[in-house]
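Novice: My structure is in work.cif, and what it holds is mmCIF, C-alpha atoms:
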```cif
data_final
loop_
_atom_site.label_atom_id
_atom_site.label_comp_id
_atom_site.auth_asym_id
_atom_site.auth_seq_id
_atom_site.Cartn_x
_atom_site.Cartn_y
_atom_site.Cartn_z
CA MET A 1 0.00 0.00 0.00
CA ASP A 2 1.19 3.55 -0.77
CA ARG A 3 2.35 5.62 2.11
CA ILE A 4 3.18 9.28 2.27
CA PRO A 5 6.85 9.72 3.22
CA ILE A 6 7.62 11.64 6.40
CA LEU A 7 11.06 13.25 6.49
CA LYS A 8 12.76 14.10 9.74
CA MET A 9 14.89 17.23 9.89
CA GLY A 10 16.26 17.81 13.36
CA ASP A 11 13.21 18.11 15.59
CA LEU A 12 10.92 18.90 12.68
CA LEU A 13 8.91 16.50 10.51
CA LEU A 14 8.34 17.36 6.86
CA VAL A 15 5.40 15.86 4.98
CA THR A 16 4.90 16.62 1.29
CA ILE A 17 1.56 15.51 -0.08
CA GLN A 18 1.95 15.02 -3.81
CA VAL A 19 -0.75 12.53 -4.65
CA ASP A 20 -4.51 12.77 -4.41
CA MET A 21 -5.48 11.90 -0.89
CA HIS A 22 -8.02 9.19 -0.33
CA ASP A 23 -9.47 8.05 2.96
CA ARG A 24 -7.13 5.17 3.65
CA LEU A 25 -4.04 7.16 2.76
CA ALA A 26 -5.17 9.92 5.10
CA MET A 27 -5.74 7.47 7.94
CA SER A 28 -2.32 5.88 7.47
CA LEU A 29 -0.72 9.34 7.40
CA GLN A 30 -2.34 10.13 10.75
CA ASP A 31 -1.02 6.87 12.22
CA ASP A 32 2.50 7.31 10.85
CA LEU A 33 2.74 10.92 11.84
CA THR A 34 1.63 10.45 15.44
CA ASP A 35 4.05 7.52 15.74
CA LYS A 36 6.92 9.57 14.36
CA ILE A 37 6.18 12.55 16.60
CA VAL A 38 6.41 10.33 19.65
CA SER A 39 9.36 8.20 18.55
CA GLY A 40 11.35 11.09 17.09
CA LYS A 41 10.52 13.61 19.83
CA ALA A 42 9.48 16.06 17.13
CA ARG A 43 8.49 19.61 18.12
CA GLY A 44 7.08 20.72 14.79
CA VAL A 45 5.28 19.28 11.75
CA LEU A 46 5.36 20.94 8.32
CA ILE A 47 2.77 19.76 5.80
CA ASP A 48 3.32 20.96 2.24
CA ILE A 49 0.16 20.82 0.12
CA SER A 50 1.36 23.00 -2.76
CA ALA A 51 0.87 20.08 -5.17
CA LEU A 52 -2.81 19.61 -4.32
CA ASP A 53 -5.31 21.08 -6.79
CA MET A 54 -8.24 20.17 -4.68
CA VAL A 55 -8.89 19.87 -0.97
CA ASP A 56 -12.30 18.57 0.01
CA SER A 57 -13.97 18.67 3.38
CA PHE A 58 -12.50 15.28 4.28
CA ILE A 59 -8.91 16.36 3.73
CA GLY A 60 -9.65 19.67 5.39
CA ARG A 61 -10.87 17.85 8.47
CA MET A 62 -7.88 15.52 8.34
CA LEU A 63 -5.50 18.49 8.39
CA ALA A 64 -7.34 19.97 11.35
CA ASN A 65 -7.23 16.59 13.12
CA ILE A 66 -3.51 16.19 12.54
CA ALA A 67 -2.94 19.67 13.96
CA SER A 68 -4.97 18.85 17.09
CA MET A 69 -3.28 15.47 17.57
CA SER A 70 0.21 16.88 17.25
CA ARG A 71 -0.66 19.71 19.62
CA ILE A 72 -1.63 17.13 22.23
CA LEU A 73 1.76 15.53 21.63
CA ASP A 74 3.37 18.98 22.06
CA ALA A 75 4.27 19.60 18.42
CA GLU A 76 3.08 22.57 16.34
CA THR A 77 1.69 21.97 12.85
CA VAL A 78 2.07 24.37 9.95
CA VAL A 79 0.31 23.79 6.62
CA VAL A 80 2.19 25.49 3.79
CA GLY A 81 1.71 26.28 0.12
CA MET A 82 -2.06 26.19 -0.22
CA ARG A 83 -3.09 27.38 -3.67
CA PRO A 84 -5.45 30.35 -4.07
CA ALA A 85 -8.14 28.22 -5.73
CA VAL A 86 -7.98 25.70 -2.90
CA ALA A 87 -8.23 28.43 -0.29
CA ILE A 88 -11.27 29.94 -2.00
CA THR A 89 -12.97 26.54 -2.24
CA LEU A 90 -12.37 25.80 1.45
CA VAL A 91 -13.76 29.18 2.47
CA GLU A 92 -16.82 28.65 0.27
CA LEU A 93 -17.29 25.26 1.95
CA GLY A 94 -17.18 27.07 5.28
CA LEU A 95 -14.00 25.34 6.42
CA SER A 96 -11.56 27.87 7.79
CA LEU A 97 -9.34 25.24 9.48
CA ARG A 98 -9.30 26.95 12.84
CA GLY A 99 -6.38 25.81 14.91
CA VAL A 100 -4.22 25.04 11.89
CA ARG A 101 -1.31 27.39 11.36
CA THR A 102 -0.48 28.30 7.78
CA ALA A 103 2.45 29.77 5.88
CA LEU A 104 3.02 30.73 2.26
CA ASN A 105 5.91 28.39 1.54
CA VAL A 106 8.23 25.89 3.21
CA ASP A 107 10.75 28.64 3.98
CA GLN A 108 8.29 30.79 5.89
CA GLY A 109 6.81 27.69 7.52
CA MET A 110 10.25 26.72 8.86
CA THR A 111 10.78 30.23 10.20
CA LEU A 112 7.40 30.08 11.92
CA LEU A 113 8.14 26.70 13.51
CA ARG A 114 11.59 27.80 14.66
CA SER A 115 10.08 30.88 16.30
CA PHE A 116 7.75 28.60 18.30
CA GLY A 117 10.74 26.49 19.26
CA ALA A 118 12.58 29.60 20.49
CA GLU A 119 9.63 30.69 22.59
CA GLY A 120 8.74 27.27 23.95
CA MET B 121 -44.78 40.43 -59.26
CA THR B 122 -43.37 43.40 -57.43
CA ARG B 123 -41.70 46.17 -59.37
CA ILE B 124 -39.60 47.46 -56.49
CA PRO B 125 -36.33 45.88 -57.71
CA GLN B 126 -36.91 47.32 -61.17
CA ILE B 127 -37.54 50.80 -59.77
CA LEU B 128 -34.48 50.55 -57.57
CA LYS B 129 -32.41 49.70 -60.60
CA GLN B 130 -33.85 52.24 -63.02
CA HIS B 131 -33.87 55.26 -60.74
CA GLU B 132 -30.81 54.42 -58.69
CA SER B 133 -28.98 57.73 -58.99
CA GLU B 134 -32.09 59.92 -58.43
CA LEU B 135 -33.10 57.80 -55.45
CA LEU B 136 -29.63 58.13 -54.01
CA GLU B 137 -29.63 61.94 -54.34
CA GLU B 138 -33.10 62.37 -52.89
CA TRP B 139 -32.39 59.91 -50.12
CA ILE B 140 -29.23 61.68 -49.02
CA ALA B 141 -31.06 64.99 -49.10
CA ALA B 142 -33.86 63.48 -47.00
CA GLN B 143 -31.36 62.16 -44.45
CA LYS B 144 -29.77 65.55 -44.07
CA GLY B 145 -33.18 67.17 -43.71
CA ALA B 146 -34.42 64.63 -41.21
CA VAL B 147 -31.67 64.96 -38.65
CA GLY B 148 -31.25 68.72 -38.97
CA PRO B 149 -28.29 70.80 -40.04
CA LYS B 150 -26.50 70.61 -36.67
CA SER B 151 -26.40 66.86 -36.58
CA SER B 152 -23.25 64.87 -36.16
CA LEU B 153 -23.65 63.19 -39.53
CA LYS B 154 -20.36 62.27 -40.98
CA ARG B 155 -18.70 63.59 -44.08
CA ASP B 156 -20.71 63.63 -47.25
CA GLY B 157 -18.47 61.18 -49.07
CA GLU B 158 -18.69 58.46 -46.44
CA LEU B 159 -22.46 58.76 -46.13
CA ARG B 160 -22.83 58.67 -49.90
CA GLU B 161 -20.70 55.56 -50.09
CA GLN B 162 -22.74 53.81 -47.42
CA ALA B 163 -26.01 54.83 -49.03
CA HIS B 164 -24.78 53.68 -52.40
CA SER B 165 -23.72 50.24 -51.23
CA PHE B 166 -26.95 49.84 -49.27
CA LEU B 167 -29.04 50.63 -52.37
CA ASN B 168 -27.00 48.13 -54.37
CA LEU B 169 -27.46 45.40 -51.79
CA LEU B 170 -31.15 46.21 -51.47
CA GLN B 171 -31.57 45.94 -55.19
CA GLN B 172 -29.85 42.56 -55.27
CA ALA B 173 -31.87 41.28 -52.34
CA THR B 174 -35.22 42.30 -53.83
CA GLN B 175 -34.35 40.83 -57.22
CA PRO B 176 -35.89 37.37 -56.56
CA GLY B 177 -39.20 39.11 -55.74
CA ASN B 178 -39.26 38.60 -52.00
CA VAL B 179 -39.62 42.07 -50.47
CA THR B 180 -41.57 41.41 -47.29
CA ASN B 181 -39.59 38.70 -45.54
CA THR B 182 -36.22 40.19 -44.68
CA GLU B 183 -35.32 37.16 -42.54
CA SER B 184 -34.70 34.97 -45.57
CA ALA B 185 -31.37 33.96 -47.05
CA GLU B 186 -31.22 36.40 -49.95
CA TRP B 187 -31.42 39.28 -47.46
CA GLN B 188 -28.34 38.09 -45.60
CA PRO B 189 -25.96 40.58 -47.31
CA VAL B 190 -28.28 43.50 -46.50
CA ARG B 191 -28.57 42.45 -42.87
CA GLY B 192 -24.83 41.98 -42.65
CA PHE B 193 -24.22 45.45 -44.02
CA LEU B 194 -26.79 47.02 -41.69
CA SER B 195 -25.49 45.32 -38.58
CA GLU B 196 -21.97 46.46 -39.33
CA PHE B 197 -23.23 49.96 -40.10
CA SER B 198 -25.33 50.09 -36.94
CA SER B 199 -22.71 48.84 -34.53
CA GLU B 200 -20.18 51.24 -36.05
CA ARG B 201 -22.54 54.15 -35.50
CA ALA B 202 -23.25 53.01 -31.95
CA ARG B 203 -19.54 53.02 -31.23
CA GLN B 204 -19.14 56.46 -32.79
CA GLY B 205 -21.82 57.84 -30.51
CA TYR B 206 -24.67 58.43 -32.94
CA SER B 207 -28.14 58.57 -31.41
CA PRO B 208 -30.61 55.75 -32.14
CA THR B 209 -32.77 58.21 -34.12
CA GLU B 210 -29.89 59.20 -36.35
CA THR B 211 -29.03 55.58 -36.92
CA ALA B 212 -32.55 54.44 -37.74
CA THR B 213 -33.19 57.48 -39.91
CA PHE B 214 -30.64 56.09 -42.33
CA VAL B 215 -33.17 53.42 -43.30
CA PHE B 216 -36.46 55.23 -42.71
CA SER B 217 -35.56 58.26 -44.78
CA LEU B 218 -35.48 56.07 -47.86
CA LYS B 219 -39.27 55.78 -47.64
CA GLN B 220 -40.14 59.19 -49.05
CA PRO B 221 -38.10 59.05 -52.27
CA LEU B 222 -39.05 55.41 -52.85
CA PHE B 223 -42.77 56.04 -52.34
CA GLN B 224 -42.69 58.96 -54.76
CA ARG B 225 -41.15 56.74 -57.40
CA LEU B 226 -43.74 54.05 -56.76
CA GLN B 227 -46.58 56.53 -57.14
CA SER B 228 -45.28 57.95 -60.41
CA GLU B 229 -44.75 54.43 -61.69
CA PHE B 230 -48.46 53.61 -61.42
CA PRO B 231 -50.22 56.79 -62.64
CA SER B 232 -53.47 55.03 -63.50
CA ASP B 233 -53.47 52.18 -60.99
CA PRO B 234 -53.97 53.43 -57.43
CA ALA B 235 -54.61 49.90 -56.11
CA GLY B 236 -51.30 48.58 -57.49
CA SER B 237 -49.48 51.62 -56.19
CA ALA B 238 -50.94 51.16 -52.73
CA GLU B 239 -49.95 47.50 -52.71
CA GLU B 240 -46.38 48.27 -53.70
CA THR B 241 -46.16 51.07 -51.15
CA TRP B 242 -47.39 48.71 -48.47
CA ALA B 243 -44.77 46.11 -49.42
CA ALA B 244 -42.03 48.76 -49.41
CA THR B 245 -43.16 50.03 -46.00
CA ARG B 246 -43.03 46.57 -44.51
CA MET B 247 -39.60 45.98 -45.97
CA LEU B 248 -38.12 49.25 -44.73
CA ASP B 249 -39.79 48.96 -41.33
CA GLN B 250 -38.28 45.55 -40.79
CA LEU B 251 -34.85 46.82 -41.80
CA GLY B 252 -35.22 49.90 -39.62
CA LEU B 253 -36.17 47.84 -36.60
CA PHE B 254 -33.26 45.54 -37.30
CA VAL B 255 -30.89 48.51 -37.32
CA THR B 256 -32.25 49.74 -33.98
CA GLU B 257 -31.95 46.30 -32.46
CA VAL B 258 -28.33 45.92 -33.52
CA TYR B 259 -27.64 49.45 -32.31
CA GLN B 260 -28.98 48.61 -28.87
CA LYS B 261 -27.07 45.36 -28.73
CA SER B 262 -23.79 47.05 -29.53
CA ARG B 263 -24.46 49.68 -26.87
CA GLU B 264 -25.10 46.90 -24.36
CA GLU B 265 -21.83 45.27 -25.35
CA VAL B 266 -20.07 48.57 -24.68
CA ILE B 267 -21.69 48.75 -21.24
CA ILE B 268 -20.75 45.17 -20.36
CA ARG B 269 -17.17 45.75 -21.47
CA GLN B 270 -16.96 48.90 -19.38
CA GLN B 271 -18.34 47.05 -16.35
CA GLN B 272 -15.67 44.39 -16.67
CA GLU B 273 -12.97 46.98 -17.10
CA MET B 274 -14.26 48.77 -14.04
CA ILE B 275 -14.08 45.60 -11.97
CA GLU B 276 -10.56 44.95 -13.17
CA ILE B 277 -9.20 48.42 -12.63
CA SER B 278 -10.93 48.80 -9.30
CA THR B 279 -8.91 46.02 -7.68
CA PRO B 280 -5.28 47.09 -7.76
CA VAL B 281 -3.00 45.22 -5.39
CA ILE B 282 -0.05 47.36 -4.38
CA GLN B 283 3.15 46.26 -2.75
CA LEU B 284 3.92 48.63 0.12
CA TRP B 285 7.03 46.86 1.30
CA ALA B 286 8.75 43.56 0.68
CA GLY B 287 6.16 41.14 2.05
CA VAL B 288 3.44 43.72 2.64
CA LEU B 289 0.58 44.13 0.17
CA ALA B 290 -2.19 46.70 0.19
CA LEU B 291 -5.57 46.43 -1.52
CA PRO B 292 -7.48 49.72 -1.58
CA LEU B 293 -11.11 48.85 -2.25
CA ILE B 294 -13.30 51.44 -3.94
CA GLY B 295 -17.01 51.06 -4.51
CA THR B 296 -19.61 48.61 -3.31
CA LEU B 297 -18.61 45.02 -2.66
CA ASP B 298 -20.98 42.46 -4.12
CA SER B 299 -20.36 38.75 -4.45
CA ASN B 300 -19.10 39.08 -8.03
CA ARG B 301 -16.55 41.68 -7.08
CA THR B 302 -15.53 39.85 -3.95
CA GLN B 303 -14.68 36.87 -6.11
CA VAL B 304 -12.43 39.01 -8.33
CA VAL B 305 -10.90 40.78 -5.33
CA MET B 306 -10.22 37.49 -3.59
CA GLU B 307 -8.65 35.88 -6.64
CA THR B 308 -6.44 38.89 -7.43
CA LEU B 309 -5.30 39.29 -3.84
CA LEU B 310 -4.52 35.59 -3.31
CA GLN B 311 -2.66 35.36 -6.60
CA ARG B 312 -0.55 38.40 -5.71
CA ILE B 313 0.14 36.94 -2.28
CA VAL B 314 1.55 33.82 -3.95
CA ASP B 315 3.47 35.81 -6.58
CA THR B 316 5.13 38.15 -4.12
CA GLY B 317 5.39 35.75 -1.18
CA SER B 318 3.80 38.36 1.07
CA ALA B 319 2.80 37.29 4.53
CA ILE B 320 0.82 40.45 5.32
CA ALA B 321 -1.99 42.03 3.32
CA ILE B 322 -3.83 45.23 4.21
CA ILE B 323 -7.36 45.64 2.89
CA ASP B 324 -8.27 49.32 2.92
CA ILE B 325 -12.01 50.02 2.79
CA THR B 326 -11.89 53.84 2.79
CA GLY B 327 -13.62 53.83 -0.59
CA VAL B 328 -16.37 51.41 0.36
CA PRO B 329 -19.52 53.50 0.91
CA THR B 330 -21.39 51.15 3.26
CA VAL B 331 -20.50 48.09 5.24
CA ASP B 332 -23.50 45.88 5.88
CA THR B 333 -23.64 42.24 6.93
CA MET B 334 -23.11 41.06 3.35
CA VAL B 335 -20.01 43.19 2.83
CA ALA B 336 -18.62 42.12 6.21
CA GLN B 337 -19.19 38.51 5.28
CA HIS B 338 -17.37 39.00 1.98
CA LEU B 339 -14.47 40.65 3.78
CA MET B 340 -14.28 37.83 6.30
CA LYS B 341 -14.24 35.26 3.50
CA THR B 342 -11.34 37.03 1.82
CA VAL B 343 -9.43 37.23 5.08
CA ALA B 344 -10.13 33.56 5.86
CA ALA B 345 -8.88 32.49 2.42
CA ALA B 346 -5.71 34.56 2.81
CA ARG B 347 -5.17 33.07 6.24
CA LEU B 348 -5.50 29.55 4.84
CA MET B 349 -2.68 30.35 2.48
CA GLY B 350 -0.57 31.63 5.31
CA ALA B 351 -0.98 35.39 4.98
CA ASP B 352 -2.32 37.69 7.68
CA CYS B 353 -4.88 40.32 6.72
CA LEU B 354 -5.48 43.68 8.35
CA ILE B 355 -8.50 45.81 7.54
CA SER B 356 -8.04 49.56 7.56
CA GLY B 357 -9.86 52.71 6.55
CA ILE B 358 -12.97 52.30 8.67
CA ARG B 359 -14.61 55.71 8.90
CA PRO B 360 -16.29 56.78 12.17
CA GLN B 361 -19.81 56.59 10.71
CA ILE B 362 -19.08 53.16 9.29
CA ALA B 363 -17.90 51.93 12.68
CA GLN B 364 -21.15 53.22 14.21
CA THR B 365 -23.32 51.65 11.53
CA MET B 366 -21.51 48.35 11.88
CA VAL B 367 -22.17 48.22 15.59
CA HIS B 368 -25.81 49.27 15.17
CA LEU B 369 -26.31 46.58 12.53
CA GLY B 370 -24.58 44.02 14.72
CA VAL B 371 -21.93 43.39 12.08
CA ALA B 372 -18.96 41.55 13.51
CA LEU B 373 -15.63 41.12 11.81
CA GLY B 374 -14.60 38.25 14.06
CA ASP B 375 -11.01 38.26 15.19
CA ILE B 376 -9.72 40.26 12.24
CA THR B 377 -7.34 43.06 13.18
CA THR B 378 -8.82 46.43 12.19
CA LYS B 379 -7.11 49.79 12.09
CA ALA B 380 -8.54 53.25 11.55
CA SER B 381 -6.22 54.32 8.76
CA LEU B 382 -3.96 52.73 6.20
CA ALA B 383 -0.98 54.38 7.90
CA ASP B 384 -1.82 52.67 11.20
CA ALA B 385 -2.20 49.34 9.45
CA PHE B 386 1.12 49.80 7.69
CA ALA B 387 2.80 50.62 11.00
CA ALA B 388 1.29 47.48 12.49
CA ALA B 389 2.53 45.46 9.52
CA LEU B 390 6.05 46.79 9.91
CA LYS B 391 5.96 46.01 13.61
CA LYS B 392 4.87 42.48 12.84
CA LYS B 393 7.82 42.14 10.51
CA ARG B 394 10.04 43.61 13.21
CA LEU B 395 10.91 46.62 11.08
CA MET B 396 11.13 50.21 12.21
CA VAL B 397 10.93 53.61 10.56
CA VAL B 398 13.50 55.98 12.07
CA ASP B 399 13.64 59.76 11.86
CA GLU B 400 17.15 60.50 10.57
CA ARG B 401 17.39 63.94 12.18
CA VAL B 402 17.12 62.63 15.69
#
```
Once more with this new file: its structure as C-alpha cells, please.
Specialist:
Amino acid sequence: MDRIPILKMGDLLLVTIQVDMHDRLAMSLQDDLTDKIVSGKARGVLIDISALDMVDSFIGRMLANIASMSRILDAETVVVGMRPAVAITLVELGLSLRGVRTALNVDQGMTLLRSFGAEG
Amino acid sequence: MTRIPQILKQHESELLEEWIAAQKGAVGPKSSLKRDGELREQAHSFLNLLQQATQPGNVTNTESAEWQPVRGFLSEFSSERARQGYSPTETATFVFSLKQPLFQRLQSEFPSDPAGSAEETWAATRMLDQLGLFVTEVYQKSREEVIIRQQQEMIEISTPVIQLWAGVLALPLIGTLDSNRTQVVMETLLQRIVDTGSAIAIIDITGVPTVDTMVAQHLMKTVAAARLMGADCLISGIRPQIAQTMVHLGVALGDITTKASLADAFAAALKKKRLMVVDERV
C-alpha cells in the first residue's frame, strides 16, 4: 500500500503531499505521523500541500485533526503552500481550518516553527 | 410580381440623391452626420445590396437567405454608429428616410393604378420597417456590449493590489462590494500573495460607501482564504460613521485586526515584521 513519506529534519517532521489523498491514505498518514512525533521527539510538523489542486472537506478535516493530535503531543503543525483556488474553495465550503497554522511556503513555515521552538 | 427591384435599378442615382437629401433634412443641419463622401458611399452600397436582395421578388420577408448581405451590411453599419456615438434616431433614420423618395417613385410608376401603387407602397413600408427595426436592435445590442465591457474593465481596474514593502501588500477597495466583485478581489489578492510571497496584506475600505452584513461577510471570506494560504490580513480605513453603523447593525468582523487608517495598518505590519521607521534627524 502507498504511504506518504515523512522526512525528519532535526526536531521537525516534513510531509509533502503530492498525490490525491483518499481516505485510507489519510488514515495511514495520521497513524505514521503520530508515531513519528512520539518516537522522534518532534516539536514541529510541516505539511506541504502546494501540489494539491483540490482539498475537500475530508482532507480539510484531516489536516485539522492532525494539527490537534500533534498539539496534544506537544508539536506545532504548519500547513504550507495552499493554492489560491484551494483556499477559495475551502472558504466557500465554510472550512476555515481553525487551529491550523499556515504559511506561504516551506521557507516561511520553517521560520514560523523555529520561532515557536525559540519561545517554547 | 413586385416592381420594387426594377424601380431601384432604373432610378438608382435619383433615389440616391433624394435619399441623401432626406437624411440631411431629417436629422437637422446641426447633426453629427459624418462627411458627405462616407455617407454617400454607405447609401450607395446599401441601395445596391437592397436591389440585389429584392431581385428574386421577395420584399416582405427580410429574414430569408437572400437578405443576408443586406442584414450583414446594416449590422456592421449600426454597430459602427453606436460606437461612434450616434443617437438611435440618427441611426434608424438612415433606413427610414429612404421611404419618401421610394414612395414617390412608386406613385409615379403607377399613374393610372392606385390599387397597385398602394400594394407596392405597403410592401415597401413593410420591408423598410423591418430593416429599420433591425438597425435599432443591432444598435442597442452594440451599446449593451459597450456597457458590459466597461463594467468588466471597471471591476478589473478597481482592484489594484499594491506592494507597500517587501512582504506587505495593500488592496485599496473602492465602490460597493458584491459577491461578483468579492470573487475578483479574492482571486487577485490571493494570486498576488503567492506571486510576491507576502505574509501580510492590508485591505483598505476607505472607498467602500457602506459596510453591511453582506459586505462584512465577503471581507471575512477574503481574510479567511488569505489566512489559509498563510498570509495575515489587516482591515483599515474604517470611517467613524461606518464603525457606528456596523455596531448598530450588529456586524462583527470576528477576530480580524482592524485599524482606523492605512498608515496605522502599515505601521502594524512593519511592527509584525520587526521593522522600524526611524527619523534620521534625531
Novice: Taking only residues of chain A that have an atom at most 10 Å from an atom of chain B, what is each one's shortest atom pair and its distance in Å to one decimal, using only C-alpha atoms, in chain and number order, as JSON lines?
Specialist:
```
{"residue": "A:Ser50", "atom": "CA", "partner": "B:Met349", "partner_atom": "CA", "distance": 9.9}
{"residue": "A:Val78", "atom": "CA", "partner": "B:Gly350", "partner_atom": "CA", "distance": 9.0}
{"residue": "A:Val79", "atom": "CA", "partner": "B:Gly350", "partner_atom": "CA", "distance": 8.0}
{"residue": "A:Val80", "atom": "CA", "partner": "B:Gly350", "partner_atom": "CA", "distance": 6.9}
{"residue": "A:Gly81", "atom": "CA", "partner": "B:Met349", "partner_atom": "CA", "distance": 6.4}
{"residue": "A:Met82", "atom": "CA", "partner": "B:Met349", "partner_atom": "CA", "distance": 5.0}
{"residue": "A:Arg83", "atom": "CA", "partner": "B:Met349", "partner_atom": "CA", "distance": 6.8}
{"residue": "A:Pro84", "atom": "CA", "partner": "B:Leu310", "partner_atom": "CA", "distance": 5.4}
{"residue": "A:Ala85", "atom": "CA", "partner": "B:Glu307", "partner_atom": "CA", "distance": 7.7}
{"residue": "A:Val86", "atom": "CA", "partner": "B:Ala345", "partner_atom": "CA", "distance": 8.7}
{"residue": "A:Ala87", "atom": "CA", "partner": "B:Ala345", "partner_atom": "CA", "distance": 4.9}
{"residue": "A:Ile88", "atom": "CA", "partner": "B:Ala345", "partner_atom": "CA", "distance": 5.6}
{"residue": "A:Thr89", "atom": "CA", "partner": "B:Ala345", "partner_atom": "CA", "distance": 8.6}
{"residue": "A:Leu90", "atom": "CA", "partner": "B:Ala345", "partner_atom": "CA", "distance": 7.6}
{"residue": "A:Val91", "atom": "CA", "partner": "B:Ala345", "partner_atom": "CA", "distance": 5.9}
{"residue": "A:Glu92", "atom": "CA", "partner": "B:Lys341", "partner_atom": "CA", "distance": 7.8}
{"residue": "A:Gly94", "atom": "CA", "partner": "B:Lys341", "partner_atom": "CA", "distance": 8.9}
{"residue": "A:Leu95", "atom": "CA", "partner": "B:Ala344", "partner_atom": "CA", "distance": 9.1}
{"residue": "A:Ser96", "atom": "CA", "partner": "B:Ala344", "partner_atom": "CA", "distance": 6.2}
{"residue": "A:Leu97", "atom": "CA", "partner": "B:Leu348", "partner_atom": "CA", "distance": 7.4}
{"residue": "A:Arg98", "atom": "CA", "partner": "B:Leu348", "partner_atom": "CA", "distance": 9.2}
{"residue": "A:Val100", "atom": "CA", "partner": "B:Leu348", "partner_atom": "CA", "distance": 8.5}
{"residue": "A:Arg101", "atom": "CA", "partner": "B:Gly350", "partner_atom": "CA", "distance": 7.4}
{"residue": "A:Thr102", "atom": "CA", "partner": "B:Gly350", "partner_atom": "CA", "distance": 4.1}
{"residue": "A:Ala103", "atom": "CA", "partner": "B:Gly350", "partner_atom": "CA", "distance": 3.6}
{"residue": "A:Leu104", "atom": "CA", "partner": "B:Gly350", "partner_atom": "CA", "distance": 4.8}
{"residue": "A:Asn105", "atom": "CA", "partner": "B:Gly317", "partner_atom": "CA", "distance": 7.9}
{"residue": "A:Gln108", "atom": "CA", "partner": "B:Ala319", "partner_atom": "CA", "distance": 8.6}
{"residue": "A:Gly109", "atom": "CA", "partner": "B:Gly350", "partner_atom": "CA", "distance": 8.7}
```
Novice: I would like the residues chosen by the PyMOL selection byres ((chain A and resi 22-34) around 12) on the shown file; could you give them as JSON, numbers by chain?
Specialist: {"A": [1, 2, 3, 4, 5, 6, 7, 8, 12, 13, 14, 15, 16, 17, 18, 19, 20, 21, 35, 36, 37, 38, 39, 40, 41, 42, 43, 44, 45, 46, 47, 54, 55, 56, 57, 58, 59, 60, 61, 62, 63, 64, 65, 66, 67, 68, 69, 70, 71, 72, 73, 74, 75, 77]}
Novice: Return as a list in words the set of residues that the PyMOL selection byres ((chain B and resi 381) around 12) yields on the displayed structure.
Specialist: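 On this input, the PyMOL selection byres ((chain B and resi 381) around 12) captures Pro292, Ile322, Ile323, Asp324, Ile325, Thr326, Gly327, Leu354, Ile355, Ser356, Gly357, Ile358, Arg359, Pro360, Thr378, Lys379, Ala380, Leu382, Ala383, Asp384, Ala385, Phe386, Ala387 and Ala388 of chain B.
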Novice: I need the residue nearest Gly205 of chain B from this list: B:Ala389, B:Leu284, B:Val398, B:Val266. Use all atoms listed in the file for the distance.
Specialist: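 Once distances to Gly205 of chain B are computed over all atoms listed in the file, the minimum belongs to B:Val266.
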Novice: Just want the 9 Å neighbourhood of Val304 of chain B, counted on only C-alpha atoms, with same-chain residues fewer than 5 positions away dropped. Output as a list in words.
Specialist: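 My list of contacting residues is Ile275, Glu276, Thr279, Ser299 and Leu309 of chain B.
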Novice: State, in Å with one decimal place, the distance from atom CA of Leu136 of chain B to atom CA of His164 of chain B.
Specialist: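 A separation of 6.8 Å between them.
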Novice: Report the distance between atom CA of Pro208 of chain B and atom CA of Thr256 of chain B in Å, rounded to one decimal place.
Specialist: 6.5 Å
Novice: So, counting all atoms listed in the file, which residue among B:Arg225, B:Arg394, B:Arg401, B:Arg201 is closest to Thr213 of chain B?
Specialist: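 Among B:Arg225, B:Arg394, B:Arg401, B:Arg201, it is B:Arg201 that comes nearest to Thr213 of chain B.
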Novice: Kindly indicate which residue among B:Asp249, B:Asp315, B:Asp298, B:Asp375 lies nearest to Asn181 of chain B, using all atoms listed in the file for the distances.
Specialist: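 Checking each candidate against Asn181 of chain B, we get B:Asp249 as the closest.
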Novice: Provide the atom CA of Glu76 of chain A to atom CA of Leu113 of chain A distance in Å, to one decimal place.
Specialist: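 Atom CA of Leu113 of chain A lies 7.1 Å from atom CA of Glu76 of chain A.
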Novice: Name the residues within 10 Å of (-45.0, 46.4, -56.0), counting all atoms listed in the file in the file's coordinates, and put them as a compact mmCIF listing (two decimals) with C-alpha atoms, in the frame of the given file.
Specialist:
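Okay, this is what ended up in out28.txt:
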```txt
# COMPACT_ATOMS: atom_id res chain seq x y z
CA MET B 121 -44.78 40.43 -59.26
CA THR B 122 -43.37 43.40 -57.43
CA ARG B 123 -41.70 46.17 -59.37
CA ILE B 124 -39.60 47.46 -56.49
CA PRO B 125 -36.33 45.88 -57.71
CA GLN B 126 -36.91 47.32 -61.17
CA ILE B 127 -37.54 50.80 -59.77
CA GLY B 177 -39.20 39.11 -55.74
CA VAL B 179 -39.62 42.07 -50.47
CA LEU B 226 -43.74 54.05 -56.76
CA GLU B 229 -44.75 54.43 -61.69
CA PHE B 230 -48.46 53.61 -61.42
CA GLY B 236 -51.30 48.58 -57.49
CA SER B 237 -49.48 51.62 -56.19
CA ALA B 238 -50.94 51.16 -52.73
CA GLU B 239 -49.95 47.50 -52.71
CA GLU B 240 -46.38 48.27 -53.70
CA THR B 241 -46.16 51.07 -51.15
CA TRP B 242 -47.39 48.71 -48.47
CA ALA B 243 -44.77 46.11 -49.42
CA ALA B 244 -42.03 48.76 -49.41
```
Novice: Can you pull out the residues contacting Gly374 of chain B? Cut-off 10 Å, using only C-alpha atoms, and skip same-chain residues under 3 positions away; I want them as a ChimeraX atom specification.
Specialist: /B:336-337,340,371,377
Novice: List the spatial neighbours of Met366 of chain B as number ranges by chain - criterion: any atom at most 7 Å away, all atoms listed in the file, same-chain residues fewer than 4 positions off excluded.
Specialist: B: 331-332, 362, 370-371
Novice: What residues come out when you apply the PyMOL selection byres ((chain B and resi 141-143) around 8) to this file, written as a VMD selection string?
Specialist: chain B and resid 137 to 140 144 to 147 213 to 214 217 to 218 220
